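Peer 1: Sharing data.txt here; it has compact mmCIF, C-alpha atoms.
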# COMPACT_ATOMS: atom_id res chain seq x y z
CA MET D 26 29.22 43.41 15.71
CA TYR D 27 28.98 45.70 18.10
CA THR D 28 30.36 49.04 18.39
CA GLN D 29 28.26 51.59 20.10
CA ALA D 30 28.77 55.23 19.58
CA MET D 31 30.02 55.39 23.11
CA ASP D 32 30.81 58.96 23.20
CA THR D 33 29.97 58.70 26.83
CA ALA D 34 33.18 59.88 28.42
CA ARG D 35 31.49 63.20 29.14
CA SER D 36 34.52 65.33 28.35
CA ASP D 37 36.42 64.03 31.38
CA ASP D 38 39.53 64.38 29.33
CA ALA D 39 39.04 67.64 27.55
CA ARG D 40 42.00 68.60 25.44
CA LYS D 41 44.93 69.99 27.32
CA PRO D 42 46.63 73.05 25.92
CA VAL D 43 49.46 72.24 23.57
CA ARG D 44 52.76 72.64 25.36
CA SER D 45 55.58 73.58 23.04
CA ALA D 46 56.11 75.14 19.64
CA GLU D 47 57.45 71.79 18.44
CA ASP D 48 54.24 70.03 19.55
CA LEU D 49 52.22 72.69 17.81
CA ARG D 50 54.13 72.18 14.57
CA MET D 51 53.71 68.39 14.79
CA GLU D 52 50.03 68.75 15.51
CA GLU D 53 49.54 71.04 12.52
CA ARG D 54 51.28 68.55 10.27
CA PHE D 55 49.18 65.74 11.74
CA GLU D 56 45.93 67.62 11.14
CA ALA D 57 47.02 68.41 7.59
CA ARG D 58 47.68 64.73 6.91
CA ILE D 59 44.21 63.82 8.14
CA ALA D 60 42.63 66.59 6.11
CA GLU D 61 44.40 65.13 3.07
CA GLY D 62 42.72 61.79 3.78
CA GLU D 63 45.96 60.07 4.77
CA PHE D 64 45.96 57.19 7.22
CA ILE D 65 47.83 57.38 10.50
CA GLU D 66 49.92 54.30 11.31
CA PRO D 67 51.13 53.05 14.71
CA ARG D 68 54.61 54.54 14.67
CA ASP D 69 53.57 57.91 13.27
CA TRP D 70 53.50 60.93 15.53
CA MET D 71 50.03 61.61 16.91
CA PRO D 72 48.61 63.94 19.57
CA ASP D 73 48.15 62.32 22.98
CA HIS D 74 44.46 62.99 22.91
CA TYR D 75 44.04 61.25 19.54
CA ARG D 76 45.82 58.22 20.98
CA LYS D 77 43.73 58.25 24.16
CA THR D 78 40.47 58.65 22.29
CA LEU D 79 41.30 55.72 20.04
CA VAL D 80 42.45 53.48 22.86
CA ARG D 81 39.21 54.16 24.66
CA GLN D 82 37.00 53.65 21.62
CA ILE D 83 38.76 50.58 20.21
CA SER D 84 39.03 48.84 23.57
CA GLN D 85 35.37 49.53 24.36
CA HIS D 86 34.53 48.13 20.98
CA ALA D 87 36.64 45.03 21.65
CA HIS D 88 35.04 44.53 25.07
CA SER D 89 31.63 44.77 23.42
CA GLU D 90 32.50 42.00 20.97
CA VAL D 91 33.65 39.73 23.74
CA VAL D 92 30.83 40.43 26.20
CA GLY D 93 28.50 40.19 23.20
CA MET D 94 29.20 36.47 23.03
CA LEU D 95 27.38 35.91 26.32
CA PRO D 96 23.73 36.69 25.55
CA GLU D 97 23.75 34.54 22.43
CA GLY D 98 26.03 31.88 23.83
CA ASN D 99 23.21 31.33 26.29
CA TRP D 100 21.23 29.69 23.46
CA ILE D 101 23.86 27.49 21.80
CA THR D 102 22.89 24.39 23.75
CA ARG D 103 19.20 25.08 23.22
CA ALA D 104 19.11 25.98 19.52
CA PRO D 105 16.07 24.30 17.96
CA THR D 106 17.90 22.45 15.17
CA LEU D 107 21.43 21.34 14.33
CA LYS D 108 21.50 23.87 11.49
CA ARG D 109 20.63 26.77 13.81
CA LYS D 110 23.13 25.54 16.36
CA ALA D 111 25.95 25.45 13.77
CA ILE D 112 25.01 28.95 12.58
CA LEU D 113 24.92 30.33 16.11
CA LEU D 114 28.25 28.72 16.99
CA ALA D 115 29.82 30.27 13.88
CA LYS D 116 28.39 33.67 14.76
CA VAL D 117 29.55 33.59 18.36
CA GLN D 118 32.99 32.43 17.22
CA ASP D 119 33.11 35.39 14.84
CA GLU D 120 32.40 37.77 17.70
CA GLY D 121 35.36 36.35 19.62
CA GLY D 122 37.53 36.85 16.54
CA HIS D 123 36.30 40.41 16.17
CA GLY D 124 37.26 41.11 19.75
CA LEU D 125 40.72 39.82 18.98
CA TYR D 126 41.20 41.97 15.85
CA LEU D 127 40.19 45.01 17.87
CA TYR D 128 42.33 44.29 20.92
CA CYS D 129 45.29 43.91 18.55
CA ALA D 130 44.46 47.23 16.88
CA ALA D 131 44.34 48.93 20.30
CA GLU D 132 47.65 47.32 21.28
CA THR D 133 49.37 49.07 18.39
CA LEU D 134 48.69 52.30 20.30
CA GLY D 135 50.82 51.22 23.21
CA THR D 136 48.32 49.71 25.62
CA SER D 137 48.52 46.03 26.55
CA ARG D 138 45.95 43.26 26.46
CA ASP D 139 46.26 42.79 30.20
CA GLU D 140 45.68 46.48 30.87
CA MET D 141 42.55 46.45 28.75
CA LEU D 142 41.19 43.30 30.35
CA GLU D 143 41.92 44.67 33.79
CA ALA D 144 39.93 47.80 32.91
CA LEU D 145 37.01 45.66 31.77
CA HIS D 146 37.10 43.26 34.71
CA SER D 147 37.36 46.01 37.30
CA GLY D 148 34.35 47.75 35.76
CA ARG D 149 36.30 50.86 34.72
CA ALA D 150 35.91 50.24 30.99
CA LYS D 151 32.53 50.32 29.28
CA TYR D 152 31.03 48.03 26.70
CA SER D 153 27.92 48.35 24.60
CA SER D 154 24.83 48.83 26.78
CA ILE D 155 22.85 46.39 24.64
CA PHE D 156 24.47 43.30 26.18
CA ASN D 157 23.08 44.05 29.58
CA TYR D 158 19.66 42.90 28.44
CA PRO D 159 18.65 39.25 28.86
CA THR D 160 17.95 36.76 26.05
CA LEU D 161 14.69 35.25 27.26
CA THR D 162 13.54 33.21 24.27
CA TRP D 163 14.89 31.70 21.06
CA ALA D 164 13.36 34.61 19.12
CA ASP D 165 15.79 36.90 20.94
CA VAL D 166 18.65 35.28 19.04
CA GLY D 167 17.10 36.10 15.66
CA THR D 168 16.16 39.57 16.84
CA ILE D 169 19.69 40.29 18.01
CA GLY D 170 20.94 39.30 14.57
CA TRP D 171 18.42 41.47 12.79
CA LEU D 172 18.32 44.58 14.99
CA VAL D 173 21.45 44.57 17.14
CA ASP D 174 23.83 43.41 14.41
CA GLY D 175 21.95 45.62 11.98
CA ALA D 176 22.56 48.66 14.16
CA ALA D 177 26.16 47.63 14.71
CA ILE D 178 26.81 47.29 10.99
CA MET D 179 25.38 50.72 10.36
CA ASN D 180 27.69 52.10 13.04
CA GLN D 181 30.70 50.20 11.82
CA VAL D 182 30.69 50.72 8.07
CA PRO D 183 31.78 54.37 8.39
CA ILE D 184 34.63 53.32 10.73
CA CYS D 185 36.16 51.38 7.82
CA ARG D 186 37.29 54.85 6.74
CA CYS D 187 38.68 55.78 10.14
CA SER D 188 41.92 57.76 9.97
CA TYR D 189 43.77 55.24 12.13
CA GLY D 190 44.98 52.48 9.80
CA PRO D 191 44.91 49.44 12.10
CA TYR D 192 41.38 50.26 13.30
CA ALA D 193 40.14 50.83 9.76
CA ARG D 194 41.65 47.53 8.58
CA ALA D 195 40.13 45.61 11.49
CA MET D 196 36.75 47.15 10.70
CA ILE D 197 36.95 46.17 7.05
CA ARG D 198 37.55 42.58 8.06
CA ILE D 199 34.75 42.71 10.64
CA CYS D 200 32.20 44.26 8.29
CA ARG D 201 32.97 41.65 5.67
CA GLU D 202 32.17 38.88 8.16
CA GLU D 203 29.25 40.64 9.75
CA SER D 204 26.60 40.76 7.07
CA PHE D 205 25.95 37.06 7.58
CA HIS D 206 25.09 37.85 11.19
CA GLN D 207 22.25 40.14 10.31
CA ARG D 208 20.96 37.98 7.48
CA GLN D 209 20.86 34.79 9.52
CA GLY D 210 18.89 36.57 12.25
CA PHE D 211 16.35 37.98 9.85
CA GLU D 212 15.98 34.63 8.10
CA SER D 213 15.45 32.86 11.41
CA LEU D 214 12.69 35.31 12.36
CA LEU D 215 11.16 35.12 8.90
CA THR D 216 10.96 31.33 9.17
CA MET D 217 9.08 31.61 12.45
CA MET D 218 6.75 34.29 11.10
CA LYS D 219 5.95 32.47 7.85
CA GLU D 220 6.05 28.82 8.86
CA GLY D 221 5.62 28.97 12.62
CA THR D 222 2.72 28.66 14.99
CA ASP D 223 0.78 31.55 16.51
CA ALA D 224 2.79 31.11 19.69
CA GLN D 225 6.04 31.41 17.73
CA ARG D 226 4.85 34.55 15.96
CA ALA D 227 3.90 36.04 19.30
CA MET D 228 7.34 35.14 20.59
CA VAL D 229 8.97 37.04 17.71
CA GLN D 230 6.80 40.10 18.32
CA ASP D 231 7.64 40.00 22.01
CA ALA D 232 11.36 39.84 21.27
CA VAL D 233 11.07 42.78 18.87
CA ASN D 234 9.17 44.74 21.54
CA ARG D 235 12.02 44.24 23.98
CA TRP D 236 14.98 44.83 21.62
CA TRP D 237 13.69 47.70 19.47
CA TRP D 238 14.44 50.60 21.79
CA PRO D 239 17.74 49.30 23.17
CA SER D 240 18.88 48.81 19.54
CA ILE D 241 18.03 52.40 18.69
CA MET D 242 19.98 53.52 21.76
CA MET D 243 23.06 51.72 20.42
CA PHE D 244 23.82 54.77 18.30
CA GLY D 245 24.62 56.63 21.48
CA PRO D 246 23.36 59.91 22.94
CA PRO D 247 21.87 62.59 20.69
CA ASP D 248 24.34 64.78 18.84
CA ASP D 249 23.77 67.76 21.14
CA GLN D 250 24.78 65.61 24.12
CA SER D 251 27.89 64.09 22.55
CA PRO D 252 30.72 66.27 23.78
CA ASN D 253 33.49 64.51 21.87
CA THR D 254 31.80 64.19 18.50
CA ALA D 255 33.16 67.34 16.91
CA GLN D 256 36.77 66.49 17.74
CA SER D 257 36.33 62.86 16.62
CA MET D 258 34.86 64.03 13.34
CA ARG D 259 37.72 66.44 12.76
CA TRP D 260 40.22 63.68 13.39
CA GLY D 261 38.46 61.25 11.11
CA ILE D 262 37.76 58.81 13.95
CA LYS D 263 34.06 59.29 13.47
CA ARG D 264 32.52 59.99 10.10
CA ILE D 265 28.75 60.22 10.61
CA SER D 266 26.92 61.59 13.65
CA ASN D 267 24.89 59.44 16.08
CA ASP D 268 21.54 60.93 15.11
CA GLU D 269 22.17 60.63 11.39
CA LEU D 270 23.06 56.94 11.74
CA ARG D 271 20.10 56.33 14.02
CA GLN D 272 17.71 57.80 11.46
CA LYS D 273 19.24 55.66 8.72
CA PHE D 274 18.76 52.58 10.87
CA VAL D 275 15.13 53.35 11.73
CA ASP D 276 14.32 54.00 8.06
CA ALA D 277 15.75 50.62 7.07
CA ALA D 278 14.36 48.63 10.01
CA VAL D 279 10.79 49.84 9.61
CA GLU D 280 10.69 48.53 6.05
CA GLN D 281 12.27 45.24 7.13
CA ALA D 282 9.67 44.90 9.91
CA LYS D 283 6.95 45.08 7.27
CA VAL D 284 8.48 42.18 5.36
CA LEU D 285 8.70 40.25 8.58
CA GLY D 286 5.15 41.09 9.64
CA VAL D 287 6.02 42.54 13.05
CA THR D 288 5.10 45.92 14.51
CA PRO D 289 7.81 48.09 16.07
CA PRO D 290 6.78 49.15 19.59
CA ASP D 291 6.57 52.85 18.79
CA ARG D 292 3.21 54.54 18.23
CA ASP D 293 4.89 57.69 16.96
CA LEU D 294 6.56 55.93 14.04
CA LYS D 295 5.30 57.72 10.95
CA TRP D 296 6.60 58.40 7.47
CA ASN D 297 7.43 62.06 7.08
CA ALA D 298 7.24 62.83 3.38
CA GLU D 299 8.71 66.26 3.86
CA ARG D 300 11.87 64.96 5.51
CA GLY D 301 11.94 61.77 3.50
CA HIS D 302 12.44 59.85 6.75
CA TYR D 303 10.44 58.11 9.44
CA ASP D 304 9.63 60.18 12.51
CA PHE D 305 9.95 58.19 15.69
CA GLY D 306 9.09 58.51 19.37
CA THR D 307 11.12 59.90 22.23
CA ILE D 308 13.97 57.73 23.44
CA ASP D 309 14.19 57.05 27.16
CA TRP D 310 17.74 58.26 27.77
CA THR D 311 17.39 57.74 31.49
CA GLU D 312 17.27 54.02 30.80
CA PHE D 313 20.36 54.29 28.58
CA TRP D 314 22.41 56.14 31.18
CA ASN D 315 21.25 53.74 33.88
CA VAL D 316 22.41 50.74 31.90
CA ILE D 317 25.73 52.43 31.08
CA ALA D 318 26.16 53.22 34.78
CA GLY D 319 25.82 49.53 35.64
CA HIS D 320 22.14 49.27 36.51
CA GLY D 321 20.82 47.32 33.52
CA PRO D 322 19.11 43.96 33.98
CA CYS D 323 22.29 41.89 33.45
CA ASN D 324 25.33 44.13 34.08
CA ARG D 325 26.54 42.20 37.10
CA GLU D 326 25.89 38.80 35.55
CA ARG D 327 27.77 39.65 32.34
CA LEU D 328 30.82 41.02 34.07
CA ALA D 329 30.88 38.16 36.56
CA ALA D 330 30.80 35.65 33.68
CA ARG D 331 33.75 37.40 31.99
CA VAL D 332 35.81 37.55 35.15
CA LYS D 333 35.09 33.91 35.93
CA ALA D 334 36.09 32.80 32.43
CA TRP D 335 39.35 34.75 32.73
CA ASP D 336 40.17 33.46 36.22
CA ASP D 337 39.20 29.87 35.44
CA GLY D 338 41.38 29.98 32.32
CA ALA D 339 44.47 31.21 34.16
CA TRP D 340 45.93 27.73 34.63
CA VAL D 341 45.59 27.02 30.90
CA ARG D 342 47.47 30.19 29.98
CA ASP D 343 50.15 29.45 32.55
CA ALA D 344 50.51 25.83 31.45
CA ALA D 345 50.85 26.87 27.80
CA MET D 346 53.57 29.37 28.69
CA ALA D 347 55.38 26.84 30.90
CA HIS D 348 55.27 24.30 28.08
CA ALA D 349 56.61 26.85 25.60
CA ARG D 350 59.46 27.76 27.93
CA LYS D 351 60.35 24.12 28.50
CA GLN D 352 60.31 23.34 24.80
CA SER D 353 62.52 26.28 23.97
CA SER D 354 65.07 25.45 26.69
CA GLN D 355 65.22 21.81 25.52
CA HIS D 356 65.68 23.09 22.01
CA GLN D 357 68.57 25.26 23.14
CA GLU D 358 70.23 22.41 25.03
CA ALA D 359 70.01 20.16 21.98
CA ALA D 360 71.62 22.81 19.79
CA MET T 6 53.25 39.24 40.15
CA SER T 7 51.88 35.80 39.41
CA GLU T 8 52.65 33.93 36.22
CA SER T 9 49.12 34.41 34.94
CA ARG T 10 49.74 38.14 34.72
CA GLN T 11 52.29 37.49 31.98
CA GLU T 12 50.88 37.99 28.52
CA TRP T 13 51.52 35.50 25.79
CA PRO T 14 53.92 37.00 23.25
CA LEU T 15 52.61 38.82 20.18
CA TRP T 16 52.86 37.32 16.69
CA GLU T 17 52.22 38.81 13.26
CA VAL T 18 50.18 36.68 10.89
CA PHE T 19 50.66 36.41 7.10
CA VAL T 20 48.19 34.50 4.94
CA ARG T 21 48.53 33.24 1.37
CA SER T 22 45.02 33.48 -0.03
CA LYS T 23 45.64 30.99 -2.83
CA SER T 24 48.57 29.20 -4.32
CA GLY T 25 50.61 31.35 -6.66
CA LEU T 26 50.03 34.53 -4.64
CA ASP T 27 52.33 35.93 -1.98
CA HIS T 28 51.67 35.87 1.75
CA LYS T 29 50.10 39.05 2.96
CA HIS T 30 50.07 40.53 6.44
CA CYS T 31 46.58 40.24 7.87
CA GLY T 32 46.85 40.88 11.59
CA SER T 33 48.34 39.71 14.84
CA LEU T 34 47.58 37.57 17.87
CA HIS T 35 48.99 36.42 21.18
CA ALA T 36 50.20 32.83 21.50
CA PRO T 37 52.60 31.00 23.80
CA ASP T 38 54.59 29.29 21.05
CA ALA T 39 54.89 28.95 17.27
CA LYS T 40 52.74 25.86 17.02
CA MET T 41 49.82 27.43 18.84
CA ALA T 42 50.32 30.69 16.96
CA ILE T 43 49.82 28.81 13.68
CA GLN T 44 46.76 26.99 14.98
CA MET T 45 45.18 30.13 16.36
CA ALA T 46 45.96 32.05 13.18
CA ARG T 47 44.11 29.33 11.28
CA ASP T 48 41.10 29.68 13.61
CA VAL T 49 41.06 33.46 13.67
CA TYR T 50 42.05 34.50 10.16
CA THR T 51 40.90 31.71 7.85
CA ARG T 52 37.40 30.76 9.01
CA ARG T 53 36.01 31.37 5.54
CA GLN T 54 38.68 29.79 3.39
CA GLU T 55 40.67 33.00 3.22
CA GLY T 56 43.92 31.10 3.06
CA THR T 57 45.88 28.08 1.91
CA SER T 58 49.01 28.80 3.92
CA VAL T 59 49.87 30.74 7.07
CA TRP T 60 53.12 32.29 8.33
CA VAL T 61 53.60 33.63 11.81
CA VAL T 62 56.54 35.59 13.13
CA ARG T 63 57.19 37.08 16.55
CA SER T 64 56.33 40.78 16.30
CA GLU T 65 59.54 41.74 18.11
CA HIS T 66 61.56 40.17 15.30
CA ILE T 67 60.21 42.51 12.66
CA VAL T 68 62.52 45.38 11.80
CA ALA T 69 60.80 48.34 10.19
CA SER T 70 61.92 51.56 8.58
CA ASP T 71 61.40 54.70 10.63
CA PRO T 72 58.29 56.65 9.59
CA GLY T 73 60.33 59.80 10.24
CA ASP T 74 62.69 58.74 7.45
CA LYS T 75 59.88 58.25 4.96
CA ASP T 76 60.75 61.24 2.77
CA MET T 77 64.49 60.62 2.85
CA TYR T 78 64.01 56.93 2.06
CA PHE T 79 61.37 56.94 -0.60
CA ASP T 80 61.30 60.33 -2.29
CA PRO T 81 64.54 59.90 -4.28
CA ALA T 82 62.60 57.54 -6.56
CA GLU T 83 60.12 60.28 -7.36
CA ASP T 84 62.12 62.07 -10.08
CA LYS T 85 63.36 58.91 -11.79
CA VAL T 86 60.53 58.60 -14.23
CA TYR T 87 62.85 56.92 -16.73
CA ARG T 88 62.51 53.77 -14.62
CA HIS T 89 58.98 53.34 -15.93
CA PRO T 90 58.11 51.96 -19.37
CA THR T 91 55.65 54.78 -20.01
CA PHE T 92 58.57 57.25 -20.09
CA TYR T 93 59.52 56.05 -23.55
CA ALA T 94 57.38 57.21 -26.44
CA LEU T 95 57.61 54.74 -29.30
CA PRO T 96 55.98 54.58 -32.73
CA LYS T 97 52.55 53.01 -32.65
CA ALA T 98 53.65 49.99 -34.64
CA VAL T 99 56.01 48.88 -31.85
CA ASP T 100 54.26 50.47 -28.83
CA HIS T 101 53.13 47.14 -27.39
CA MET T 102 56.78 46.49 -26.57
In structure tokens, how does this file's structure come out?
Peer 2:
Amino acid sequence: MYTQAMDTARSDDARKPVRSAEDLRMEERFEARIAEGEFIEPRDWMPDHYRKTLVRQISQHAHSEVVGMLPEGNWITRAPTLKRKAILLAKVQDEGGHGLYLYCAAETLGTSRDEMLEALHSGRAKYSSIFNYPTLTWADVGTIGWLVDGAAIMNQVPICRCSYGPYARAMIRICREESFHQRQGFESLLTMMKEGTDAQRAMVQDAVNRWWWPSIMMFGPPDDQSPNTAQSMRWGIKRISNDELRQKFVDAAVEQAKVLGVTPPDRDLKWNAERGHYDFGTIDWTEFWNVIAGHGPCNRERLAARVKAWDDGAWVRDAAMAHARKQSSQHQEAA
Amino acid sequence: MSESRQEWPLWEVFVRSKSGLDHKHCGSLHAPDAKMAIQMARDVYTRRQEGTSVWVVRSEHIVASDPGDKDMYFDPAEDKVYRHPTFYALPKAVDHM
């Protein structure tokens, strides 16, 4: 999982004027290649702003995968059965792998893993707002699979056609692995709803009540408040707008909620025959911006857990490097 | 700068999906040495039986053609259609040749 349309950089880096005639010519050729549907590869010429936008988006996406392991990892030791524990372990391991694919894709643009981690650990880089909410009950794990992974998949499928080759390839791999994430979540909830006790059904409904709106926010701010969307669309970094994806997600999730037997916490949800879509209530964007700004329920806890894991692991990384150096010098002496 | 600030080197990973097929590039990872690179490649790239064999090679050891030379390098083959079997029209009776 877990990209968020995090077009949240609020045009801090608006495009600078092109400097020379040579740059202009290169940029025209670049835009023509993208218009032709060609992929851009790491060593190809690209405008600085294209590179910067991708580094920001891919690294935020990678951070989201890695931080995304924390809320669910919280439940590994408390999964109700061995089967659910094995499934959850596999899912969390996948998220770690997805982070790795994405960090590697970002590194092809000339940034380093250490730089990206430093940006995350210092709080400069963002990650998906959704992971700053707590996982209070076991039903949260299933709900994250169903709604959060569901929203992420909807966001991610179009990125498989991103104009930047390494990002597109990483996304294809991720999407292939991801559909199990959503299905296992839905199946876990369905089991509780169909075979569970009243208390378990209430637990599922409560989890849905808490995750519904944050999941819908995962698609990012409305189109008219997404300053970078137009440019990203033109460059083939983004293919479908935030609002369009959000609508698609709501339409799918409402039907799935019926199968599950839960009620989404939105009184304004109503089928609109004219539009052929569900109408839904007003999103509390103040909450979204607050969470992005670091004031969600778990922002500090999540970041502290990441920093601690990195710091506590330093001796392992150092020892592995020292061992590798020693082995290679012994090898050279023997030769 | 402390040792822990030093990144593990980057490796490119190639996976053979099943015997009889060639190894195909599938991604990269950081690892301190070849042995760990192989183990981590197994964990990261073959969690769903995607492979039966893994190669890793230090990224810095890969030599690549220059994208700027693409036209000069590869276009000369464009007008040599006689290198393809379809260039030769044969009578139907022997066209499976």
Peer 1: Could you tell me how far atom CA of Tyr50 of chain T lies from atom CA of Ala176 of chain D, in Å and to one decimal?
Peer 2: 24.4 Å
Peer 1: Fewer than 2 positions away in the same chain doesn't count, so skip those; otherwise give me all residues within 12 Å of Phe205 of chain D, counting all atoms listed in the file, as a list in words.
Peer 2: Met26, Ile112, Leu113, Ala115, Lys116, Val117, Asp119, Gly170, Trp171, Asp174, Gly175, Ile178, Ile199, Cys200, Arg201, Glu202, Glu203, Gln207, Arg208, Gln209, Gly210, Phe211, Glu212 and Ser213 of chain D; Arg53 of chain T
Peer 1: Once you count only C-alpha atoms, what closest atom pair and distance in Å to one decimal does each residue of chain T within 9 Å of chain D have, with rows by chain and rising residue number, as a Markdown table?
Peer 2:
| residue | atom | partner | partner_atom | distance |
| --- | --- | --- | --- | --- |
| T:Glu8 | CA | D:Asp343 | CA | 6.3 |
| T:Ser9 | CA | D:Asp343 | CA | 5.6 |
| T:Arg10 | CA | D:Asp139 | CA | 7.4 |
| T:Gln11 | CA | D:Asp139 | CA | 8.2 |
| T:Glu12 | CA | D:Asp139 | CA | 6.9 |
| T:Trp13 | CA | D:Met346 | CA | 7.1 |
| T:Cys31 | CA | D:Arg194 | CA | 8.8 |
| T:Gly32 | CA | D:Tyr126 | CA | 7.2 |
| T:Ser33 | CA | D:Cys129 | CA | 6.4 |
| T:Leu34 | CA | D:Cys129 | CA | 6.8 |
| T:His35 | CA | D:Cys129 | CA | 8.8 |
| T:Ala36 | CA | D:Met346 | CA | 8.7 |
| T:Pro37 | CA | D:Met346 | CA | 5.2 |
| T:Asp38 | CA | D:Ala349 | CA | 5.5 |
| T:Ala39 | CA | D:Ala349 | CA | 8.8 |
| T:Asp48 | CA | D:Gly122 | CA | 8.5 |
| T:Val49 | CA | D:Gly122 | CA | 5.7 |
| T:Tyr50 | CA | D:Gly122 | CA | 8.2 |
| T:Arg52 | CA | D:Asp119 | CA | 8.6 |
| T:Arg53 | CA | D:Glu202 | CA | 8.8 |
| T:Asp71 | CA | D:Arg68 | CA | 7.9 |
| T:Pro72 | CA | D:Asp69 | CA | 6.1 |
| T:Gly73 | CA | D:Asp69 | CA | 7.6 |
Peer 1: Closest to Pro72 of chain D among D:Cys185, D:Trp260, D:Pro247, D:Leu142, using all atoms listed in the file?
Peer 2: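 Checking each candidate against Pro72 of chain D, we get D:Trp260 as the closest.
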Peer 1: Could you tell me how far atom CA of Leu15 of chain T lies from atom CA of Val62 of chain T, in Å and to one decimal?
Peer 2: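 Atom CA of Val62 of chain T lies at a distance of 8.7 Å from atom CA of Leu15 of chain T.
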Peer 1: May I have the residues within 10 Å of segment 55-60 of chain T as a PyMOL selection string, using all atoms listed in the file and disregarding those fewer than 2 positions away in the same chain?
Peer 2: chain T and resi 16-24+27-30+39+42-44+46-47+50-53+62
Peer 1: With C-alpha atoms retained, export the selected residues as a CSV table (one decimal), in the frame of the given file.
Peer 2:
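Contents of again.csv, freshly written:
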chain,number,residue,atom,x,y,z
T,16,TRP,CA,52.9,37.3,16.7
T,17,GLU,CA,52.2,38.8,13.3
T,18,VAL,CA,50.2,36.7,10.9
T,19,PHE,CA,50.7,36.4,7.1
T,20,VAL,CA,48.2,34.5,4.9
T,21,ARG,CA,48.5,33.2,1.4
T,22,SER,CA,45.0,33.5,0.0
T,23,LYS,CA,45.6,31.0,-2.8
T,24,SER,CA,48.6,29.2,-4.3
T,27,ASP,CA,52.3,35.9,-2.0
T,28,HIS,CA,51.7,35.9,1.8
T,29,LYS,CA,50.1,39.0,3.0
T,30,HIS,CA,50.1,40.5,6.4
T,39,ALA,CA,54.9,29.0,17.3
T,42,ALA,CA,50.3,30.7,17.0
T,43,ILE,CA,49.8,28.8,13.7
T,44,GLN,CA,46.8,27.0,15.0
T,46,ALA,CA,46.0,32.0,13.2
T,47,ARG,CA,44.1,29.3,11.3
T,50,TYR,CA,42.0,34.5,10.2
T,51,THR,CA,40.9,31.7,7.8
T,52,ARG,CA,37.4,30.8,9.0
T,53,ARG,CA,36.0,31.4,5.5
T,62,VAL,CA,56.5,35.6,13.1
Peer 1: Please measure the separation of atom CA of Met45 of chain T and atom CA of Asn99 of chain D, giving the value in Å to one decimal.
Peer 2: 24.1 Å
Peer 1: For each of D:Ala193, D:Val92, D:Ala232, D:Ala227, take the minimum atom-to-atom distance to Leu328 of chain D, counting all atoms listed in the file, then give the residue where this is smallest.
Peer 2: D:Val92
Peer 1: So that I can check the surroundings of segment 281-289 of chain D, please list as a PDB file with C-alpha atoms, keeping the file's coordinate frame every protein, DNA and RNA residue that reaches within 8 Å of it, counting only C-alpha atoms and ignoring chain neighbours fewer than 2 positions away.
Peer 2:
ATOM      1  CA  LEU D 214      12.690  35.310  12.360  1.00  0.00           C
ATOM      2  CA  LEU D 215      11.160  35.120   8.900  1.00  0.00           C
ATOM      3  CA  MET D 218       6.750  34.290  11.100  1.00  0.00           C
ATOM      4  CA  VAL D 229       8.970  37.040  17.710  1.00  0.00           C
ATOM      5  CA  GLN D 230       6.800  40.100  18.320  1.00  0.00           C
ATOM      6  CA  VAL D 233      11.070  42.780  18.870  1.00  0.00           C
ATOM      7  CA  ASN D 234       9.170  44.740  21.540  1.00  0.00           C
ATOM      8  CA  TRP D 237      13.690  47.700  19.470  1.00  0.00           C
ATOM      9  CA  ALA D 277      15.750  50.620   7.070  1.00  0.00           C
ATOM     10  CA  ALA D 278      14.360  48.630  10.010  1.00  0.00           C
ATOM     11  CA  VAL D 279      10.790  49.840   9.610  1.00  0.00           C
ATOM     12  CA  ASP D 291       6.570  52.850  18.790  1.00  0.00           C
TER      13      ASP D 291
END
Peer 1: Take the point (18.4, 52.3, 22.7) as written in the file and pick out every residue within 9 Å of it, counting all atoms listed in the file; give the list as a list in words.
Peer 2: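 Within the cut-off we find Ser154, Ile155, Trp236, Trp237, Trp238, Pro239, Ser240, Ile241, Met242, Met243, Phe244, Gly245, Ile308, Asp309, Trp310, Glu312 and Phe313 of chain D.
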Peer 1: Around all listed atoms of segment 353-360 of chain D, padded 8 Å per side, what centre and edge lengths does the axis-aligned box have in Å to one decimal, as lines of an AutoDock Vina configuration file?
Peer 2:
center_x = 67.1
center_y = 23.2
center_z = 23.2
size_x = 25.1
size_y = 22.1
size_z = 22.9
